[in-house]
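Colleague: What follows is the file start-v3.pdb, containing PDB, C-alpha atoms, pLDDT in the B column:
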```
ATOM      1  CA  MET A   1      -6.959  -3.447 -21.687  1.00 43.00           C
ATOM      2  CA  SER A   2      -4.796  -4.974 -24.362  1.00 42.00           C
ATOM      3  CA  GLY A   3      -1.196  -6.100 -24.324  1.00 47.00           C
ATOM      4  CA  ASN A   4       1.330  -6.174 -21.531  1.00 44.00           C
ATOM      5  CA  GLY A   5       2.412  -2.549 -21.346  1.00 48.00           C
ATOM      6  CA  THR A   6       6.111  -3.312 -21.451  1.00 50.00           C
ATOM      7  CA  THR A   7       8.840  -2.207 -23.803  1.00 48.00           C
ATOM      8  CA  ALA A   8      10.697  -5.483 -24.175  1.00 50.00           C
ATOM      9  CA  GLY A   9      14.382  -5.007 -24.927  1.00 58.00           C
ATOM     10  CA  ASP A  10      13.926  -1.227 -24.775  1.00 72.00           C
ATOM     11  CA  ASP A  11      12.901  -1.239 -28.430  1.00 90.00           C
ATOM     12  CA  PRO A  12      12.624   2.459 -29.415  1.00 95.00           C
ATOM     13  CA  LEU A  13       9.467   1.918 -31.480  1.00 95.00           C
ATOM     14  CA  GLN A  14       7.699  -0.006 -28.727  1.00 96.00           C
ATOM     15  CA  THR A  15       8.800   2.559 -26.151  1.00 96.00           C
ATOM     16  CA  ALA A  16       7.277   5.339 -28.263  1.00 97.00           C
ATOM     17  CA  VAL A  17       4.074   3.346 -28.789  1.00 97.00           C
ATOM     18  CA  TRP A  18       3.772   2.684 -25.063  1.00 97.00           C
ATOM     19  CA  ARG A  19       4.298   6.331 -24.116  1.00 97.00           C
ATOM     20  CA  LEU A  20       1.584   7.464 -26.515  1.00 98.00           C
ATOM     21  CA  ARG A  21      -0.790   4.696 -25.500  1.00 98.00           C
ATOM     22  CA  SER A  22      -0.377   5.403 -21.803  1.00 98.00           C
ATOM     23  CA  ARG A  23      -1.291   9.054 -22.415  1.00 97.00           C
ATOM     24  CA  ALA A  24      -4.506   8.199 -24.298  1.00 97.00           C
ATOM     25  CA  CYS A  25      -2.980   8.878 -27.746  1.00 98.00           C
ATOM     26  CA  TRP A  26      -3.994   5.523 -29.233  1.00 98.00           C
ATOM     27  CA  ALA A  27      -4.385   6.683 -32.837  1.00 97.00           C
ATOM     28  CA  ASP A  28      -0.940   8.305 -32.776  1.00 98.00           C
ATOM     29  CA  ALA A  29       0.554   5.127 -31.331  1.00 98.00           C
ATOM     30  CA  ALA A  30      -1.140   2.980 -33.984  1.00 97.00           C
ATOM     31  CA  ALA A  31       0.170   5.251 -36.754  1.00 96.00           C
ATOM     32  CA  LEU A  32       3.761   4.468 -35.723  1.00 97.00           C
ATOM     33  CA  LEU A  33       3.390   0.755 -36.431  1.00 95.00           C
ATOM     34  CA  PRO A  34       4.554  -0.690 -39.765  1.00 86.00           C
ATOM     35  CA  ALA A  35       1.879  -1.987 -42.099  1.00 74.00           C
ATOM     36  CA  ALA A  36       1.197  -5.425 -43.580  1.00 80.00           C
ATOM     37  CA  THR A  37       2.572  -7.732 -40.882  1.00 93.00           C
ATOM     38  CA  ALA A  38       0.378  -9.872 -38.666  1.00 95.00           C
ATOM     39  CA  ALA A  39       2.105  -8.765 -35.449  1.00 95.00           C
ATOM     40  CA  ALA A  40       1.801  -5.067 -36.254  1.00 96.00           C
ATOM     41  CA  ALA A  41      -1.817  -5.479 -37.367  1.00 97.00           C
ATOM     42  CA  LEU A  42      -2.679  -7.215 -34.099  1.00 97.00           C
ATOM     43  CA  GLN A  43      -0.960  -4.563 -32.034  1.00 97.00           C
ATOM     44  CA  ARG A  44      -2.670  -1.791 -33.988  1.00 97.00           C
ATOM     45  CA  THR A  45      -6.007  -3.491 -33.406  1.00 97.00           C
ATOM     46  CA  ALA A  46      -5.318  -3.801 -29.680  1.00 98.00           C
ATOM     47  CA  LEU A  47      -4.577  -0.082 -29.441  1.00 98.00           C
ATOM     48  CA  LEU A  48      -7.732   0.954 -31.281  1.00 98.00           C
ATOM     49  CA  VAL A  49      -9.939  -1.468 -29.351  1.00 98.00           C
ATOM     50  CA  GLU A  50      -8.575  -0.086 -26.101  1.00 98.00           C
ATOM     51  CA  ARG A  51      -9.408   3.415 -27.349  1.00 98.00           C
ATOM     52  CA  CYS A  52     -13.035   2.310 -27.790  1.00 98.00           C
ATOM     53  CA  LEU A  53     -13.202   1.123 -24.197  1.00 97.00           C
ATOM     54  CA  TYR A  54     -11.799   4.336 -22.744  1.00 98.00           C
ATOM     55  CA  THR A  55     -13.416   6.887 -25.082  1.00 98.00           C
ATOM     56  CA  GLU A  56     -16.616   5.159 -26.309  1.00 97.00           C
ATOM     57  CA  ALA A  57     -15.612   6.229 -29.825  1.00 97.00           C
ATOM     58  CA  GLY A  58     -13.608   4.982 -32.824  1.00 98.00           C
ATOM     59  CA  TRP A  59     -15.621   1.788 -33.293  1.00 98.00           C
ATOM     60  CA  GLU A  60     -15.463   1.689 -37.111  1.00 98.00           C
ATOM     61  CA  GLU A  61     -11.700   2.251 -37.186  1.00 98.00           C
ATOM     62  CA  ALA A  62     -11.228  -0.546 -34.669  1.00 98.00           C
ATOM     63  CA  GLU A  63     -13.410  -2.877 -36.758  1.00 98.00           C
ATOM     64  CA  ASP A  64     -11.376  -2.083 -39.874  1.00 97.00           C
ATOM     65  CA  ALA A  65      -8.119  -2.748 -38.061  1.00 97.00           C
ATOM     66  CA  LEU A  66      -9.509  -5.995 -36.688  1.00 97.00           C
ATOM     67  CA  ARG A  67     -10.551  -7.252 -40.129  1.00 97.00           C
ATOM     68  CA  THR A  68      -7.030  -6.532 -41.389  1.00 96.00           C
ATOM     69  CA  ALA A  69      -5.516  -8.429 -38.465  1.00 97.00           C
ATOM     70  CA  GLU A  70      -7.829 -11.380 -39.087  1.00 97.00           C
ATOM     71  CA  ALA A  71      -6.878 -11.440 -42.774  1.00 96.00           C
ATOM     72  CA  LEU A  72      -3.148 -11.413 -41.987  1.00 96.00           C
ATOM     73  CA  ALA A  73      -3.310 -14.018 -39.202  1.00 96.00           C
ATOM     74  CA  HIS A  74      -1.957 -17.416 -40.254  1.00 94.00           C
ATOM     75  CA  SER A  75      -0.702 -19.251 -37.160  1.00 95.00           C
ATOM     76  CA  ASP A  76      -2.972 -20.504 -34.378  1.00 95.00           C
ATOM     77  CA  GLU A  77      -1.405 -17.931 -32.056  1.00 94.00           C
ATOM     78  CA  GLU A  78      -2.204 -15.088 -34.457  1.00 96.00           C
ATOM     79  CA  ARG A  79      -5.728 -16.318 -35.131  1.00 97.00           C
ATOM     80  CA  GLY A  80      -6.296 -16.756 -31.412  1.00 98.00           C
ATOM     81  CA  ALA A  81      -5.050 -13.240 -30.676  1.00 98.00           C
ATOM     82  CA  ALA A  82      -7.319 -11.798 -33.371  1.00 98.00           C
ATOM     83  CA  ALA A  83     -10.307 -13.707 -31.946  1.00 98.00           C
ATOM     84  CA  CYS A  84      -9.437 -12.396 -28.486  1.00 98.00           C
ATOM     85  CA  GLU A  85      -9.508  -8.818 -29.804  1.00 98.00           C
ATOM     86  CA  ARG A  86     -12.823  -9.439 -31.584  1.00 98.00           C
ATOM     87  CA  GLY A  87     -14.296 -10.709 -28.347  1.00 98.00           C
ATOM     88  CA  TYR A  88     -12.987  -7.700 -26.445  1.00 98.00           C
ATOM     89  CA  LEU A  89     -14.345  -5.246 -29.010  1.00 98.00           C
ATOM     90  CA  ALA A  90     -17.765  -6.933 -28.917  1.00 98.00           C
ATOM     91  CA  TYR A  91     -17.661  -6.899 -25.116  1.00 98.00           C
ATOM     92  CA  SER A  92     -16.790  -3.172 -25.073  1.00 98.00           C
ATOM     93  CA  ALA A  93     -19.633  -2.323 -27.465  1.00 98.00           C
ATOM     94  CA  THR A  94     -22.067  -4.252 -25.284  1.00 98.00           C
ATOM     95  CA  LEU A  95     -20.759  -2.741 -22.044  1.00 97.00           C
ATOM     96  CA  HIS A  96     -21.123   0.814 -23.371  1.00 97.00           C
ATOM     97  CA  GLY A  97     -24.556   0.190 -24.845  1.00 96.00           C
ATOM     98  CA  VAL A  98     -23.485   0.773 -28.445  1.00 96.00           C
ATOM     99  CA  ARG A  99     -24.979  -2.539 -29.526  1.00 95.00           C
ATOM    100  CA  ASP A 100     -25.681  -5.857 -27.834  1.00 97.00           C
ATOM    101  CA  ARG A 101     -22.851  -8.082 -29.049  1.00 97.00           C
ATOM    102  CA  ALA A 102     -22.668 -10.355 -26.001  1.00 97.00           C
ATOM    103  CA  ASP A 103     -23.116 -13.550 -28.024  1.00 98.00           C
ATOM    104  CA  GLU A 104     -20.378 -12.472 -30.434  1.00 98.00           C
ATOM    105  CA  ALA A 105     -18.070 -11.694 -27.515  1.00 98.00           C
ATOM    106  CA  ARG A 106     -18.576 -15.128 -25.955  1.00 98.00           C
ATOM    107  CA  SER A 107     -18.184 -16.909 -29.284  1.00 98.00           C
ATOM    108  CA  ALA A 108     -14.998 -15.065 -30.206  1.00 98.00           C
ATOM    109  CA  LEU A 109     -13.370 -15.679 -26.830  1.00 98.00           C
ATOM    110  CA  GLY A 110     -14.389 -19.321 -27.096  1.00 98.00           C
ATOM    111  CA  ARG A 111     -12.581 -19.548 -30.440  1.00 98.00           C
ATOM    112  CA  ALA A 112      -9.558 -17.878 -28.902  1.00 98.00           C
ATOM    113  CA  ALA A 113      -9.542 -20.423 -26.061  1.00 97.00           C
ATOM    114  CA  ALA A 114      -9.482 -23.267 -28.615  1.00 97.00           C
ATOM    115  CA  LEU A 115      -6.463 -21.697 -30.349  1.00 97.00           C
ATOM    116  CA  ILE A 116      -4.431 -20.443 -27.371  1.00 97.00           C
ATOM    117  CA  PRO A 117      -3.476 -23.317 -25.036  1.00 92.00           C
ATOM    118  CA  PRO A 118      -2.972 -22.852 -21.276  1.00 90.00           C
ATOM    119  CA  GLY A 119       0.458 -21.443 -20.538  1.00 89.00           C
ATOM    120  CA  ALA A 120       0.892 -19.921 -23.991  1.00 93.00           C
ATOM    121  CA  PRO A 121       1.550 -16.210 -24.537  1.00 90.00           C
ATOM    122  CA  GLY A 122      -1.780 -14.451 -24.612  1.00 95.00           C
ATOM    123  CA  ARG A 123      -3.621 -16.995 -22.480  1.00 97.00           C
ATOM    124  CA  ALA A 124      -3.579 -14.865 -19.315  1.00 98.00           C
ATOM    125  CA  LEU A 125      -5.057 -11.922 -21.213  1.00 98.00           C
ATOM    126  CA  LEU A 126      -7.722 -14.210 -22.657  1.00 98.00           C
ATOM    127  CA  ASP A 127      -8.561 -15.565 -19.197  1.00 98.00           C
ATOM    128  CA  PHE A 128      -8.905 -12.010 -17.903  1.00 98.00           C
ATOM    129  CA  ARG A 129     -11.292 -11.067 -20.694  1.00 98.00           C
ATOM    130  CA  ARG A 130     -13.369 -14.172 -20.083  1.00 98.00           C
ATOM    131  CA  GLY A 131     -13.591 -12.973 -16.498  1.00 98.00           C
ATOM    132  CA  LEU A 132     -14.930  -9.621 -17.706  1.00 98.00           C
ATOM    133  CA  ILE A 133     -17.648 -11.418 -19.670  1.00 98.00           C
ATOM    134  CA  ALA A 134     -18.576 -13.483 -16.621  1.00 98.00           C
ATOM    135  CA  GLU A 135     -18.624 -10.483 -14.280  1.00 98.00           C
ATOM    136  CA  ASN A 136     -20.315  -7.847 -16.409  1.00 97.00           C
ATOM    137  CA  LEU A 137     -22.423  -9.720 -18.965  1.00 97.00           C
ATOM    138  CA  THR A 138     -23.221 -13.106 -17.419  1.00 96.00           C
ATOM    139  CA  ARG A 139     -23.264 -11.683 -13.866  1.00 96.00           C
ATOM    140  CA  SER A 140     -21.490 -14.706 -12.410  1.00 97.00           C
ATOM    141  CA  ALA A 141     -19.084 -13.562  -9.702  1.00 97.00           C
ATOM    142  CA  GLN A 142     -17.869 -17.115  -9.093  1.00 98.00           C
ATOM    143  CA  ALA A 143     -16.899 -17.705 -12.741  1.00 98.00           C
ATOM    144  CA  ALA A 144     -15.356 -14.240 -12.941  1.00 98.00           C
ATOM    145  CA  ARG A 145     -13.220 -14.836  -9.853  1.00 98.00           C
ATOM    146  CA  ALA A 146     -11.942 -18.152 -11.208  1.00 98.00           C
ATOM    147  CA  ALA A 147     -11.019 -16.569 -14.547  1.00 98.00           C
ATOM    148  CA  TYR A 148      -9.342 -13.570 -12.892  1.00 98.00           C
ATOM    149  CA  ARG A 149      -7.315 -15.881 -10.649  1.00 98.00           C
ATOM    150  CA  ARG A 150      -6.102 -17.872 -13.673  1.00 98.00           C
ATOM    151  CA  ALA A 151      -5.180 -14.603 -15.388  1.00 98.00           C
ATOM    152  CA  HIS A 152      -3.457 -13.354 -12.233  1.00 98.00           C
ATOM    153  CA  ALA A 153      -1.368 -16.517 -11.975  1.00 97.00           C
ATOM    154  CA  GLY A 154      -0.426 -16.311 -15.654  1.00 97.00           C
ATOM    155  CA  ALA A 155       0.467 -12.617 -15.423  1.00 98.00           C
ATOM    156  CA  THR A 156       2.590 -13.311 -12.347  1.00 97.00           C
ATOM    157  CA  ALA A 157       4.454 -16.157 -14.057  1.00 96.00           C
ATOM    158  CA  ARG A 158       5.177 -14.260 -17.277  1.00 93.00           C
ATOM    159  CA  PRO A 159       5.457 -11.536 -15.740  1.00 95.00           C
ATOM    160  CA  ASP A 160       2.992  -8.972 -17.118  1.00 97.00           C
ATOM    161  CA  PRO A 161       2.711  -6.056 -14.661  1.00 98.00           C
ATOM    162  CA  LEU A 162       0.038  -4.181 -16.615  1.00 98.00           C
ATOM    163  CA  LEU A 163      -2.242  -7.193 -16.732  1.00 98.00           C
ATOM    164  CA  LEU A 164      -1.530  -7.740 -13.045  1.00 98.00           C
ATOM    165  CA  SER A 165      -2.785  -4.225 -12.366  1.00 98.00           C
ATOM    166  CA  PHE A 166      -6.086  -5.248 -13.968  1.00 98.00           C
ATOM    167  CA  THR A 167      -6.407  -8.594 -12.220  1.00 98.00           C
ATOM    168  CA  TRP A 168      -5.644  -7.004  -8.853  1.00 98.00           C
ATOM    169  CA  ARG A 169      -8.296  -4.348  -9.502  1.00 98.00           C
ATOM    170  CA  HIS A 170     -11.038  -6.716 -10.605  1.00 98.00           C
ATOM    171  CA  LEU A 171     -10.401  -9.261  -7.864  1.00 98.00           C
ATOM    172  CA  ALA A 172     -10.513  -6.366  -5.411  1.00 98.00           C
ATOM    173  CA  GLY A 173     -13.802  -5.206  -6.918  1.00 98.00           C
ATOM    174  CA  LEU A 174     -15.349  -8.618  -6.269  1.00 98.00           C
ATOM    175  CA  ALA A 175     -13.981  -8.580  -2.729  1.00 98.00           C
ATOM    176  CA  LEU A 176     -15.478  -5.130  -2.099  1.00 98.00           C
ATOM    177  CA  ARG A 177     -18.868  -6.302  -3.301  1.00 96.00           C
ATOM    178  CA  GLU A 178     -18.703  -9.123  -0.749  1.00 96.00           C
ATOM    179  CA  GLY A 179     -17.794  -6.769   2.090  1.00 96.00           C
ATOM    180  CA  GLU A 180     -14.122  -7.801   2.302  1.00 97.00           C
ATOM    181  CA  LEU A 181     -12.858  -4.246   2.774  1.00 97.00           C
ATOM    182  CA  ALA A 182      -9.247  -4.994   3.768  1.00 97.00           C
ATOM    183  CA  GLU A 183      -8.770  -7.408   0.853  1.00 98.00           C
ATOM    184  CA  ALA A 184     -10.310  -4.909  -1.542  1.00 98.00           C
ATOM    185  CA  ARG A 185      -8.137  -2.040  -0.288  1.00 98.00           C
ATOM    186  CA  HIS A 186      -5.002  -4.152  -0.705  1.00 98.00           C
ATOM    187  CA  GLY A 187      -5.895  -5.171  -4.260  1.00 98.00           C
ATOM    188  CA  PHE A 188      -6.789  -1.637  -5.337  1.00 98.00           C
ATOM    189  CA  ALA A 189      -3.561  -0.301  -3.788  1.00 98.00           C
ATOM    190  CA  GLU A 190      -1.503  -2.898  -5.668  1.00 98.00           C
ATOM    191  CA  SER A 191      -3.263  -1.997  -8.926  1.00 98.00           C
ATOM    192  CA  LEU A 192      -2.548   1.699  -8.417  1.00 98.00           C
ATOM    193  CA  ARG A 193       1.080   1.039  -7.496  1.00 98.00           C
ATOM    194  CA  LEU A 194       1.686  -0.988 -10.652  1.00 98.00           C
ATOM    195  CA  ARG A 195       0.057   1.594 -12.914  1.00 98.00           C
ATOM    196  CA  GLU A 196       2.050   4.414 -11.393  1.00 97.00           C
ATOM    197  CA  GLU A 197       5.290   2.427 -11.733  1.00 98.00           C
ATOM    198  CA  LEU A 198       4.514   1.658 -15.383  1.00 98.00           C
ATOM    199  CA  GLY A 199       3.457   5.208 -16.164  1.00 97.00           C
ATOM    200  CA  TYR A 200       0.060   3.963 -17.383  1.00 98.00           C
ATOM    201  CA  LEU A 201      -1.478   7.387 -16.958  1.00 97.00           C
ATOM    202  CA  VAL A 202      -4.793   6.657 -18.665  1.00 98.00           C
ATOM    203  CA  GLY A 203      -5.457   3.827 -16.236  1.00 98.00           C
ATOM    204  CA  THR A 204      -4.384   5.670 -13.111  1.00 98.00           C
ATOM    205  CA  ALA A 205      -7.589   7.676 -12.565  1.00 97.00           C
ATOM    206  CA  PRO A 206      -9.788   4.543 -12.449  1.00 98.00           C
ATOM    207  CA  ALA A 207      -7.342   2.982  -9.997  1.00 98.00           C
ATOM    208  CA  LEU A 208      -7.474   6.076  -7.768  1.00 98.00           C
ATOM    209  CA  VAL A 209     -11.283   6.066  -7.728  1.00 98.00           C
ATOM    210  CA  SER A 210     -11.428   2.354  -6.922  1.00 97.00           C
ATOM    211  CA  LEU A 211      -9.062   2.819  -3.995  1.00 98.00           C
ATOM    212  CA  ALA A 212     -11.095   5.835  -2.830  1.00 97.00           C
ATOM    213  CA  ASP A 213     -14.128   3.567  -2.484  1.00 96.00           C
ATOM    214  CA  THR A 214     -12.319   1.723   0.341  1.00 97.00           C
ATOM    215  CA  GLU A 215     -10.941   4.752   2.177  1.00 97.00           C
ATOM    216  CA  GLU A 216     -12.294   7.082   4.867  1.00 95.00           C
ATOM    217  CA  GLU A 217     -12.499  10.856   4.510  1.00 95.00           C
ATOM    218  CA  PRO A 218     -10.552  13.009   3.842  1.00 97.00           C
ATOM    219  CA  GLU A 219      -8.384  10.461   1.980  1.00 97.00           C
ATOM    220  CA  ALA A 220     -11.256   9.323  -0.246  1.00 97.00           C
ATOM    221  CA  SER A 221     -11.924  12.876  -1.447  1.00 96.00           C
ATOM    222  CA  ARG A 222      -8.218  13.491  -2.018  1.00 97.00           C
ATOM    223  CA  LEU A 223      -7.951  10.408  -4.244  1.00 98.00           C
ATOM    224  CA  ARG A 224     -11.044  11.362  -6.249  1.00 97.00           C
ATOM    225  CA  GLU A 225      -9.755  14.906  -6.772  1.00 97.00           C
ATOM    226  CA  GLU A 226      -6.450  13.516  -8.018  1.00 97.00           C
ATOM    227  CA  ALA A 227      -8.427  11.345 -10.442  1.00 97.00           C
ATOM    228  CA  ARG A 228     -10.329  14.413 -11.686  1.00 97.00           C
ATOM    229  CA  ARG A 229      -7.031  16.226 -12.245  1.00 97.00           C
ATOM    230  CA  LEU A 230      -5.684  13.359 -14.360  1.00 97.00           C
ATOM    231  CA  ILE A 231      -8.898  13.140 -16.375  1.00 97.00           C
ATOM    232  CA  ARG A 232      -8.712  16.864 -17.158  1.00 96.00           C
ATOM    233  CA  LEU A 233      -5.073  16.411 -18.174  1.00 96.00           C
ATOM    234  CA  LEU A 234      -6.104  13.669 -20.625  1.00 96.00           C
ATOM    235  CA  GLY A 235      -8.971  15.659 -22.119  1.00 95.00           C
ATOM    236  CA  GLY A 236     -11.855  13.881 -20.429  1.00 96.00           C
ATOM    237  CA  VAL A 237     -10.676  10.273 -20.688  1.00 97.00           C
ATOM    238  CA  PRO A 238     -11.926   7.800 -19.534  1.00 97.00           C
ATOM    239  CA  THR A 239     -15.284   9.196 -20.600  1.00 96.00           C
ATOM    240  CA  TRP A 240     -17.316   6.953 -18.300  1.00 94.00           C
ATOM    241  CA  LEU A 241     -15.278   7.985 -15.289  1.00 96.00           C
ATOM    242  CA  THR A 242     -15.738  11.656 -16.187  1.00 93.00           C
ATOM    243  CA  ARG A 243     -19.486  11.171 -15.861  1.00 91.00           C
ATOM    244  CA  GLN A 244     -19.116   9.201 -12.637  1.00 91.00           C
ATOM    245  CA  LEU A 245     -17.036  11.917 -10.968  1.00 92.00           C
ATOM    246  CA  ALA A 246     -19.078  14.894 -12.191  1.00 79.00           C
ATOM    247  CA  PRO A 247     -20.935  16.814  -9.457  1.00 70.00           C
ATOM    248  CA  PRO A 248     -24.713  16.303  -9.491  1.00 57.00           C
ATOM    249  CA  GLY A 249     -26.314  18.369 -12.253  1.00 51.00           C
ATOM    250  CA  ALA A 250     -23.004  19.225 -13.910  1.00 47.00           C
ATOM    251  CA  ALA A 251     -22.666  18.960 -17.678  1.00 41.00           C
ATOM    252  CA  THR A 252     -20.073  16.512 -19.017  1.00 36.00           C
ATOM    253  CA  VAL A 253     -18.330  16.388 -22.358  1.00 35.00           C
TER     254      VAL A 253
END
```
Could you quickly redo this structure as structure tokens?
Modeller:
Amino acid sequence: MSGNGTTAGDDPLQTAVWRLRSRACWADAAALLPAATAAAALQRTALLVERCLYTEAGWEEAEDALRTAEALAHSDEERGAAACERGYLAYSATLHGVRDRADEARSALGRAAALIPPGAPGRALLDFRRGLIAENLTRSAQAARAAYRRAHAGATARPDPLLLSFTWRHLAGLALREGELAEARHGFAESLRLREELGYLVGTAPALVSLADTEEEPEASRLREEARRLIRLLGGVPTWLTRQLAPPGAATV
């Protein structure tokens, strides 16, 4: 997850980028962006890093884009954003078992925190990613919840509805693990609602499956089948969810 998913001011370029991104066409979206500016380089990096997370591919292209963004970054905000993307890329590689880059992820997000002050643009996204590290690499639910709550408050204040869809989902996931079924169902439902309103198609299947985990039959099966339909529509993305939803013994692409 990178960026806020909005098309501020109805900018035609950003609207086109968002539509492609939301349909899992990250490379096409990145190709629309102008070259040689720090902002465009950062946005291109964010798109290609997100592709890695959803497809488990494109790592070298994302690294190249990231190095360009780091070279073009001059302000603290730009350097902090680049460090945030480096941390997220390292986290994604570790999560998917490509290579253990957990120390790099923590270090990069630490640098980003030193450059992006509380309340600044980009801080809520950084807090969310620090929550991911705490939840999935450090295995500290308490630290993850605190980071997600800071991100949720920041995304609410900005507002950033796409980031809110992620904070709702991850807070709900922690609640589900602790047996708080009603709280989890509410959070997953809010996440799904926001993604459907935004048209964030690539993120809708994961939201459907998460909500299904809190529902009784036949609603749970209906939600999972809808997720399978969306994954087929997007050509098997997210890859990890394709494997999760495959029937036992079935081959996956």
Colleague: Record the distance separating CA of Ala143 in chain A and CA of Gly131 in chain A, expressed in Å with one decimal.
Modeller: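 So the answer is 6.9 Å.
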Colleague: Report, in Å with one decimal, the straight-line distance from CA of Tyr91 in chain A to CA of Ala108 in chain A.
Modeller: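 Straight-line distance from CA of Tyr91 in chain A to CA of Ala108 in chain A works out to 10.0 Å.
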Colleague: Carefully work through the PyMOL selection byres ((chain A and resi 209) around 9) for this structure and note down the residues it includes, as a short mmCIF file (atom, residue, chain, number, x, y, z; two decimals) with C-alpha atoms, keeping the file's coordinate frame.
Modeller:
```cif
data_model
loop_
_atom_site.label_atom_id
_atom_site.label_comp_id
_atom_site.auth_asym_id
_atom_site.auth_seq_id
_atom_site.Cartn_x
_atom_site.Cartn_y
_atom_site.Cartn_z
CA THR A 204 -4.38 5.67 -13.11
CA ALA A 205 -7.59 7.68 -12.56
CA PRO A 206 -9.79 4.54 -12.45
CA ALA A 207 -7.34 2.98 -10.00
CA LEU A 208 -7.47 6.08 -7.77
CA SER A 210 -11.43 2.35 -6.92
CA LEU A 211 -9.06 2.82 -4.00
CA ALA A 212 -11.10 5.84 -2.83
CA ASP A 213 -14.13 3.57 -2.48
CA ALA A 220 -11.26 9.32 -0.25
CA LEU A 223 -7.95 10.41 -4.24
CA ARG A 224 -11.04 11.36 -6.25
CA GLU A 226 -6.45 13.52 -8.02
CA ALA A 227 -8.43 11.34 -10.44
CA LEU A 241 -15.28 7.98 -15.29
CA LEU A 245 -17.04 11.92 -10.97
#
```
Colleague: To test your reading of the syntax: which residues would the PyMOL selection byres ((chain A and resi 159) around 12) return for the file shown? Reply as a ChimeraX atom specification.
Modeller: /A:4-6,8,121-122,124-125,151-158,160-165
Colleague: Using all atoms listed in the file, collect all residues at a distance of at most 12 Å from (-2.1, -1.2, -2.7) as written in the file, then present them as a short mmCIF file (atom, residue, chain, number, x, y, z; two decimals) with C-alpha atoms, in the frame of the given file.
Modeller:
```cif
data_model
loop_
_atom_site.label_atom_id
_atom_site.label_comp_id
_atom_site.auth_asym_id
_atom_site.auth_seq_id
_atom_site.Cartn_x
_atom_site.Cartn_y
_atom_site.Cartn_z
CA SER A 165 -2.78 -4.22 -12.37
CA TRP A 168 -5.64 -7.00 -8.85
CA ARG A 169 -8.30 -4.35 -9.50
CA ALA A 172 -10.51 -6.37 -5.41
CA ALA A 182 -9.25 -4.99 3.77
CA GLU A 183 -8.77 -7.41 0.85
CA ALA A 184 -10.31 -4.91 -1.54
CA ARG A 185 -8.14 -2.04 -0.29
CA HIS A 186 -5.00 -4.15 -0.70
CA GLY A 187 -5.90 -5.17 -4.26
CA PHE A 188 -6.79 -1.64 -5.34
CA ALA A 189 -3.56 -0.30 -3.79
CA GLU A 190 -1.50 -2.90 -5.67
CA SER A 191 -3.26 -2.00 -8.93
CA LEU A 192 -2.55 1.70 -8.42
CA ARG A 193 1.08 1.04 -7.50
CA LEU A 194 1.69 -0.99 -10.65
CA ARG A 195 0.06 1.59 -12.91
CA GLU A 196 2.05 4.41 -11.39
CA ALA A 207 -7.34 2.98 -10.00
CA LEU A 208 -7.47 6.08 -7.77
CA SER A 210 -11.43 2.35 -6.92
CA LEU A 211 -9.06 2.82 -4.00
CA ALA A 212 -11.10 5.84 -2.83
CA THR A 214 -12.32 1.72 0.34
CA GLU A 215 -10.94 4.75 2.18
#
```
Colleague: Care to translate the PyMOL selection byres ((chain A and resi 60) around 12) into actual residues of this file, as a list in words?
Modeller: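 The output of the PyMOL selection byres ((chain A and resi 60) around 12) on this file is Thr45, Leu48, Val49, Arg51, Cys52, Glu56, Ala57, Gly58, Trp59, Glu61, Ala62, Glu63, Asp64, Ala65, Leu66, Arg67, Leu89, Ala93 and Val98 of chain A.
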Colleague: Would you mind telling me which residue in A:Gly199, A:Pro12, A:Gly235, A:Pro247 lies nearest to Cys25 in chain A when using all atoms listed in the file?
Modeller: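 Of A:Gly199, A:Pro12, A:Gly235, A:Pro247, the one nearest Cys25 in chain A is A:Gly235, counting all atoms listed in the file.
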Colleague: Would you work out the distance separating CA of Trp240 in chain A from CA of Arg177 in chain A, expressed in Å to one decimal?
Modeller: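 So the answer is 20.1 Å.
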